[in-house]
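These notes are about the structure you will find just below.
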Number of protein chains: 2
Amino acid sequence: MVETFEQISPADFFYRNRDIAGFTNPTRAIFSSVRELVENALDASDLHGVPPEVYLRISQEDNGGEEGEVYILRVEDNGSGIPARHIPSAFGQVLFGSKYKLRQARGTFGLGGTMAILYGQITTHKPVYVASSTGTSRTYEYKLMIDIQRNRPIILDRKAHVNKTRWHGTVVEFRLEGDYFRAMPKILEYLKQTAVVTPYANITFVDPKGRLYRFNRVTTDMPPPPEETFPHPYGVDVETIQRLTKITDCRNMLDFMQKHFQRVSERIAHGFLENAGIGKKKNPKKLKPQEVVRLVRKMKEFKDFLPPRARCLSPLGKDLLKAGILKELKPDFIAVCRRKPSAYSGHPFIVETAIAYGGDIPKAGDIVVHRFANRIPLLYDEASDVTVRVIKSINWRTYKVSPDMPIAILVHLCSTKVPYKTVGKEFIADRPEVRREILNGIREVARRLRRFLTRKEHVERERRRLSVFSKYLPKIAEFSTELAGKKQPPDIEKLLKSVRRFE
Amino acid sequence: MVETFEQISPADFFYRNRDIAGFTNPTRAIFSSVRELVENALDASDLHGVPPEVYLRISQEDNGGEEGEVYILRVEDNGSGIPARHIPSAFGQVLFGSKYKLRQARGTFGLGGTMAILYGQITTHKPVYVASSTGTSRTYEYKLMIDIQRNRPIILDRKAHVNKTRWHGTVVEFRLEGDYFRAMPKILEYLKQTAVVTPYANITFVDPKGRLYRFNRVTTDMPPPPEETFPHPYGVDVETIQRLTKITDCRNMLDFMQKHFQRVSERIAHGFLENAGIGKKKNPKKLKPQEVVRLVRKMKEFKDFLPPRARCLSPLGKDLLKAGILKELKPDFIAVCRRKPSAYSGHPFIVETAIAYGGDIPKAGDIVVHRFANRIPLLYDEASDVTVRVIKSINWRTYKVSPDMPIAILVHLCSTKVPYKTVGKEFIADRPEVRREILNGIREVARRLRRFLTRKEHVERERRRLSVFSKYLPKIAEFSTELAGKKQPPDIEKLLKSVRRFE
């Protein structure tokens with residue numbers, strides 16, 4: 001028996017293993033498609049400082065009495081647009097994109113959008129329609145399909161139009177088989193939670209029955225866009241160094257260290273190279289394999305590097321987080337916390353937490369948990385997620401919280417590299433550094449909730465005490481008046497006021 | 001702000017996202033490397049009907065006082081070997097392999113082996129050494145590295161030797177940074193569980209301290225190797241049909257249906273094409289896009305297709321499963337069950353279950369669960385796995401099982417497509433069809449355990465009853481003898497025998 005060997009393209013790989021990218025069945029597929037396209041739309045606006053206007057429409061295809069649920073998915077945004085020459089690859093090729101950078105973005109795999117279109121193609125055999133402009137004098141329209149075996153776009157049609165209004169943005173429309181009505185609760189929950197962490201966005205959704213859902217912005221303040229950054233010495237491996245030495249124009253290691261890594265000053269570079277036993281004047285292109293290995297190892301061990309810089313991160317900030325929660329959950333009480341930047345294996349991250357009580361929050365019999373990573377709501381595989389594990393590990397009675405209270409906890413993790421455990425971005429791995437920050441963040445807001453609940457309890461107790469007085473004092477007064485043989489009972493209000501402890 | 005776009009290679013993609021392939025940290029990395037290489041070794045023997053001889057050695061690199069834990073990992077097998085021209089790509093390229101087929105194999109992603117080598121390269125900057133022969137007159141040796149950015153092997157050295165003994169097999173050796181001593185428990189557990197489901201294999205492991213672990217075969221009977229199969233009509237999509245119409249030499253749909261799909265007879269093909277409203281004489285190469293879509297849809301709806309064939313599956317069978325468990329767990333009681341073939345979305349699968357009691361099984365305070373998929377032990381992310389969820393959903397008191405009993409449950413899922421949720425093959429998704437089979441399989445063996453426990457209880461009760469008699473009868477006899485004024489007490493043994501209910 002002879003084995004036959006073959007190479008498959010990455011598109012073919014993800015086509016065969018689409019479960020791992022979140023395209024398991026018709027329900028998950030339509031959810032994942034919505035999610036990937038909405039995230040691309042928001043990224044396109046966010047990274048360019050434009051308050052997003054996202055329009056999503058799902059309509060049912062009239063397929064002349066044929067069976068099967070085919071939907072038309074359309075997403076429009078007012079983002080930066082895609083240069084014409086990149087449109088075919090951006091939508092017709094996997095592992096092609098603009099997101100392979102060290103900065104925070106929703107998308108990171110360069111996979112999701114194309115996977116959605118690929119799923120549409122293998123279920124309906126129809127092309128995708130894309131229109132885009134970067135705000136130049138032209139808009140471009142494409143009709144594309146994907147050559148899965150070769151991971152190449154097939155251009156079926158291409159048109160250029162005059163762009164009088166200098167519109168910029170992208171429109172994507174394609175057909176896919178799906179089960180919208182099963183996916184509906186998750187899609188609506190996804191949009192609602194997206195509105196919570198993107199309070200500066202207008203999101204419009206028209207569902208297959210023509211119903212309109214509007215998630216309006218409450219502010220046009222946007223968090224400052226993340227900057228692109230250099231790798232931190234703690235997070236590099238041999239391959240990173242190899243690639244850097246290939247492209248560098250530095251002639252010596254002292255310059256090399258300062259130019260290609262974040263937070264390495266001349267002083268630190270001196271100290272480090274001495275410690276590592278690598279010559280400061282050594283040409284980086286002439287490092288021997290063994291020296292590269294030592295360099296990496298010493299980078300991980302050296303104690304005097306500054307912690308990673310957080311400018312490549314773009315947390316929401318307390319005000320925006322609060323605004324988002326108030327808008328969507330209308331709670332009676334809210335506490336938010338933004339932790340200081342931290343890092344795991346050289347990747348900077350920031351945790352933001354919030355706790356909300358009462359209002360529109362349901363009494364679910366358990367704490368409602370909203371998980372976010374780089375402004376993406378995570379809705380699946382909750383039990384495996386680090387946030388849920390942390391919440392379960394807390395003794396909530398310490399914070400006067402009982403399971404029947406209407407409480408919601410939000411945790412938002414921002415990082416240049418979110419430690420997702422799946423390509424479908426369903427849940428976050430349990431890294432000790434991340435776990436610690438989440439735990440401390442939740443504890444902080446939980447303490448503030450405890451103060452609120454304690455005060456609430458006092459007020460409640462007082463109300464009850466007073467209600468006893470106001471019930472019996474009139475009787476006592478009446479009775480006493482009678483006993484004393486007087487006509488007029490004394491003024492109860494004065495008496496009540498005297499027992500009131502505080503207003 | 002202008003976005004820069006780029007295409008990355010699949011090797012680069014998995015390098016950047018190695019967490020999702022199971023290479024999260026030095027502990028996981030060494031575990032995953034062992035696992036991937038051992039699985040490739042077993043696959044190479046299994047698919048060729050040779051009882052496997054696998055030799056695994058992990059030794060510590062003497063790196064002259066440098067810090068960091070570098071290990072040398074060596075795996076040897078007696079499998080089919082790899083043809084010389086494919087060696088560089090098989091070890092120096094991701095998504096290249098012989099496993100993209102419809103049949104059961106341990107590996108399925110064509111990724112694991114190369115990922116292990118890639119991890120070794122990015123942590124130690126050293127090449128991999130490979131020697132292999134398919135049993136011809138030559139063996140070939142290679143020294144390779146991976147060009148990650150281009151997903152191409154770099155051949156550093158290549159040698160051919162005369163193969164007098166006609167040896168066939170493969171030897172792989174490479175260096176990687178790892179944390180062996182943290183990974184050790186999982187590695188030993190992995191090898192032990194592998195021995196349970198591969199009782200026809202000899203596995204030898206030499207650890208970094210030079211300790212020898214032997215897992216000896218107890219049989220040379222091997223399960224029949226799985227056959228390659230055609231897709232089942234329930235499991236196809238538009239892309240599959242497109243690819244088939246490209247390569248087919250059938251001139252009409254009636255032949256096309258019979259030739260390229262499993263379990264489609266002429267009668268069924270007739271019935272189906274009529275039902276689908278597609279001409280039997282139609283040339284498959286001339287199907288219009290709309291017809292391809294209809295064909296796929298009708299295939300999913302048509303009720304008269306036979307269930308998928310299980311010949312592409314290779315379950316262990318009751319005897320081998322029993323032998324494996326007896327060998328490694330030495331229990332007092334064992335029950336095994338092999339369910340009939342079933343299918344989810346056109347992918348055939350078989351579930352095998354076993355329950356064992358007593359012997360070497362620890363009283364863990366909870367049921368010990370061993371999960372297997374295509375003869376791979378799954379050791380991580382237990383809580384998310386369908387098997388563990390099923391076991392938790394069962395009311396074990398019905399089966400007279402209490403948490404303090406020494407009980408182990410084994411579940412083995414065989415399929416041409418195991419619904420893994422991660423590329424790291426950590427756990428299996430909760431598909432209703434799979435869940436049902438696992439539940440029924442566990443119930444069946446649990447019922448047999450209940451009979452055993454009931455009988456054990458009877459025997460125990462009887463023993464206690466008899467011990468009461470044998471304690472007091474002599475006293476009573478003595479006392480009665482005295483009372484009766486006799487000298488000799490009656491024969492107790494006879495009396496005891498008369499009250500004994502069964503031997």
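Convention: chains lettered A, B, ... in structure tokens order; per-chain residue numbering from 1; ligands numbered from 1 as shown.
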
Within 8 Å of chain B, which residues of chain A are there when counting only C-alpha atoms? Please give them as number ranges by chain. A: 1, 3-10, 13, 19-20, 48, 67-68, 86, 95-100, 109, 121-126, 237-239, 289-290, 292-293, 297, 383-384, 419-423

Residue contacts of Ile350 (chain B) (9 Å, only C-alpha atoms) excluding same-chain residues fewer than 3 positions away, as JSON, numbers by chain: {"B": [310, 313, 314, 315, 338, 339, 340, 341, 342, 343, 412, 413, 414, 415, 434, 437]}

Could you write those residues out with C-alpha atoms, as a PDB file, in the first residue's frame?
ATOM      1  CA  ALA B 310     -18.357   1.862   8.242  1.00  0.00           C
ATOM      2  CA  LEU B 313     -13.647   3.076  10.104  1.00  0.00           C
ATOM      3  CA  SER B 314     -11.431   0.906  12.192  1.00  0.00           C
ATOM      4  CA  PRO B 315     -12.820   0.522  15.691  1.00  0.00           C
ATOM      5  CA  ARG B 338     -19.392  -1.556  20.568  1.00  0.00           C
ATOM      6  CA  ARG B 339     -22.279   0.410  19.138  1.00  0.00           C
ATOM      7  CA  LYS B 340     -23.514  -0.003  15.580  1.00  0.00           C
ATOM      8  CA  PRO B 341     -22.210   2.480  12.993  1.00  0.00           C
ATOM      9  CA  SER B 342     -24.048   5.772  12.980  1.00  0.00           C
ATOM     10  CA  ALA B 343     -23.535   9.089  11.173  1.00  0.00           C
ATOM     11  CA  HIS B 412     -13.669   5.662  22.006  1.00  0.00           C
ATOM     12  CA  LEU B 413     -15.088   7.564  19.051  1.00  0.00           C
ATOM     13  CA  CYS B 414     -14.004   6.483  15.562  1.00  0.00           C
ATOM     14  CA  SER B 415     -14.881   8.591  12.587  1.00  0.00           C
ATOM     15  CA  VAL B 434     -22.632  11.589  18.779  1.00  0.00           C
ATOM     16  CA  GLU B 437     -24.490   7.073  20.853  1.00  0.00           C
TER      17      GLU B 437
END

DSSP strand (DSSP E) selection over region 201-407 of chain B, as an MDAnalysis selection string: chainID B and resid 202:206 212:215 333:338 342:344 347:357 368:373 376:378 407

Suppose you want the space between CA of Tyr142 (chain A) and CA of Arg35 (chain A); what is it in Å? 22.1 Å

Taken to one decimal, the CA of Pro490 (chain B)-CA of Glu478 (chain B) distance is 8.4 Å

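Remark: for Leu56 (chain A), the closest of the candidate residues A:Thr229, A:Thr248, A:Asn202, A:Thr398 is A:Asn202 (distances computed over only C-alpha atoms).
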
Assign secondary structure with DSSP using the backbone only, and return the residues of region 130-252 of chain A in helix (DSSP H, G or I) as a ChimeraX atom specification. /A:180-197,233-235,238-247

Any chance you could export the current selection's C-alpha atoms as an mmCIF file, in the first residue's frame?
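Written out: out-v1.cif:
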data_model
loop_
_atom_site.group_PDB
_atom_site.id
_atom_site.type_symbol
_atom_site.label_atom_id
_atom_site.label_comp_id
_atom_site.auth_asym_id
_atom_site.auth_seq_id
_atom_site.Cartn_x
_atom_site.Cartn_y
_atom_site.Cartn_z
ATOM 1 C CA TYR A 180 -31.693 32.513 10.818
ATOM 2 C CA PHE A 181 -34.514 31.862 13.236
ATOM 3 C CA ARG A 182 -32.454 29.584 15.398
ATOM 4 C CA ALA A 183 -29.518 31.989 15.246
ATOM 5 C CA MET A 184 -31.700 35.038 15.915
ATOM 6 C CA PRO A 185 -31.368 35.217 19.725
ATOM 7 C CA LYS A 186 -27.580 35.021 19.502
ATOM 8 C CA ILE A 187 -27.409 37.567 16.677
ATOM 9 C CA LEU A 188 -29.554 40.073 18.585
ATOM 10 C CA GLU A 189 -27.568 39.464 21.760
ATOM 11 C CA TYR A 190 -24.380 39.924 19.774
ATOM 12 C CA LEU A 191 -25.549 43.259 18.356
ATOM 13 C CA LYS A 192 -26.764 44.455 21.749
ATOM 14 C CA GLN A 193 -23.492 43.605 23.438
ATOM 15 C CA THR A 194 -21.572 45.156 20.567
ATOM 16 C CA ALA A 195 -23.559 48.338 21.200
ATOM 17 C CA VAL A 196 -22.502 48.192 24.865
ATOM 18 C CA VAL A 197 -18.781 48.216 24.016
ATOM 19 C CA PRO A 233 11.828 41.615 24.223
ATOM 20 C CA TYR A 234 9.886 39.193 26.469
ATOM 21 C CA GLY A 235 7.675 38.116 23.575
ATOM 22 C CA VAL A 238 14.278 32.917 17.206
ATOM 23 C CA GLU A 239 12.082 33.421 14.146
ATOM 24 C CA THR A 240 11.328 37.043 15.087
ATOM 25 C CA ILE A 241 15.039 37.835 15.464
ATOM 26 C CA GLN A 242 15.817 36.117 12.170
ATOM 27 C CA ARG A 243 13.220 38.178 10.347
ATOM 28 C CA LEU A 244 14.437 41.394 11.955
ATOM 29 C CA THR A 245 18.088 40.769 11.129
ATOM 30 C CA LYS A 246 17.026 40.188 7.515
ATOM 31 C CA ILE A 247 15.324 43.558 7.152
#

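Interatomic distance, CA of Glu141 (chain B) to CA of Val70 (chain B): 23.1 Å.
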
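The list of residues with at least one atom within 7 Å of Arg57 (chain A), based on only C-alpha atoms and without residues fewer than 2 positions apart in the same chain, reads Tyr55, Ser59, Leu73, Arg74, Val75, Phe205, Val206 and Asp207 of chain A.
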
Restricting the calculation to only C-alpha atoms, which member of B:Trp167, B:Val54, B:Gln262, B:Asp179 is positioned closest to Thr204 (chain B)? B:Val54

Quick one: which region 260-334 of chain A residues come within 10 Å of region 351-375 of chain A, and what is the nearest atom pair for each with the distance in Å to one decimal, counting only C-alpha atoms, rows ordered by chain and ascending number, as a tab-separated table?
residue	atom	partner	partner_atom	distance
A:Leu313	CA	A:Asn374	CA	8.8
A:Ser314	CA	A:Asn374	CA	8.1
A:Pro315	CA	A:Glu352	CA	7.5
A:Leu316	CA	A:Glu352	CA	8.0
A:Gly317	CA	A:Glu352	CA	7.8
A:Lys318	CA	A:Glu352	CA	8.1
A:Leu321	CA	A:Ala354	CA	7.9
A:Lys322	CA	A:Ala354	CA	8.0
A:Ile325	CA	A:Ala356	CA	8.0
A:Leu326	CA	A:Ala356	CA	9.0
A:Glu328	CA	A:Asp360	CA	8.2
A:Leu329	CA	A:Asp360	CA	5.2
A:Lys330	CA	A:Gly359	CA	5.3
A:Pro331	CA	A:Gly359	CA	4.0
A:Asp332	CA	A:Gly358	CA	5.1
A:Phe333	CA	A:Tyr357	CA	5.1
A:Ile334	CA	A:Ala356	CA	4.4

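Residues in contact with Arg217 (chain B) at 10 Å, where only C-alpha atoms are counted and same-chain residues fewer than 5 positions away are skipped, are listed as B:Pro51, B:Pro52, B:Glu53, B:Ala195, B:Val196, B:Thr198, B:Pro199, B:Tyr200, B:Ala201, B:Asn202, B:Ile203, B:Ala323, B:Gly324, B:Lys327.
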
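When the distance limit is 7 Å and only C-alpha atoms are what count, the residues near Thr170 (chain B), minus those fewer than 3 positions from it on the same chain, are Glu76, Asp77, Asn78, Gly79, Gly81, Ala131, Ser132 and Ser133 of chain B.
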
Keeping only C-alpha atoms, write the selected residues to a file as a PDB file, in the first residue's frame.
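Output (result_36.pdb):
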ATOM      1  CA  GLU B  76      11.522   5.778  15.640  1.00  0.00           C
ATOM      2  CA  ASP B  77       8.891   3.590  14.037  1.00  0.00           C
ATOM      3  CA  ASN B  78       8.686   0.492  11.855  1.00  0.00           C
ATOM      4  CA  GLY B  79       5.923   1.915   9.674  1.00  0.00           C
ATOM      5  CA  GLY B  81       8.325   4.969   5.651  1.00  0.00           C
ATOM      6  CA  ALA B 131      15.802   9.117   8.188  1.00  0.00           C
ATOM      7  CA  SER B 132      13.314   6.951   6.357  1.00  0.00           C
ATOM      8  CA  SER B 133      12.933   4.050   4.007  1.00  0.00           C
TER       9      SER B 133
END
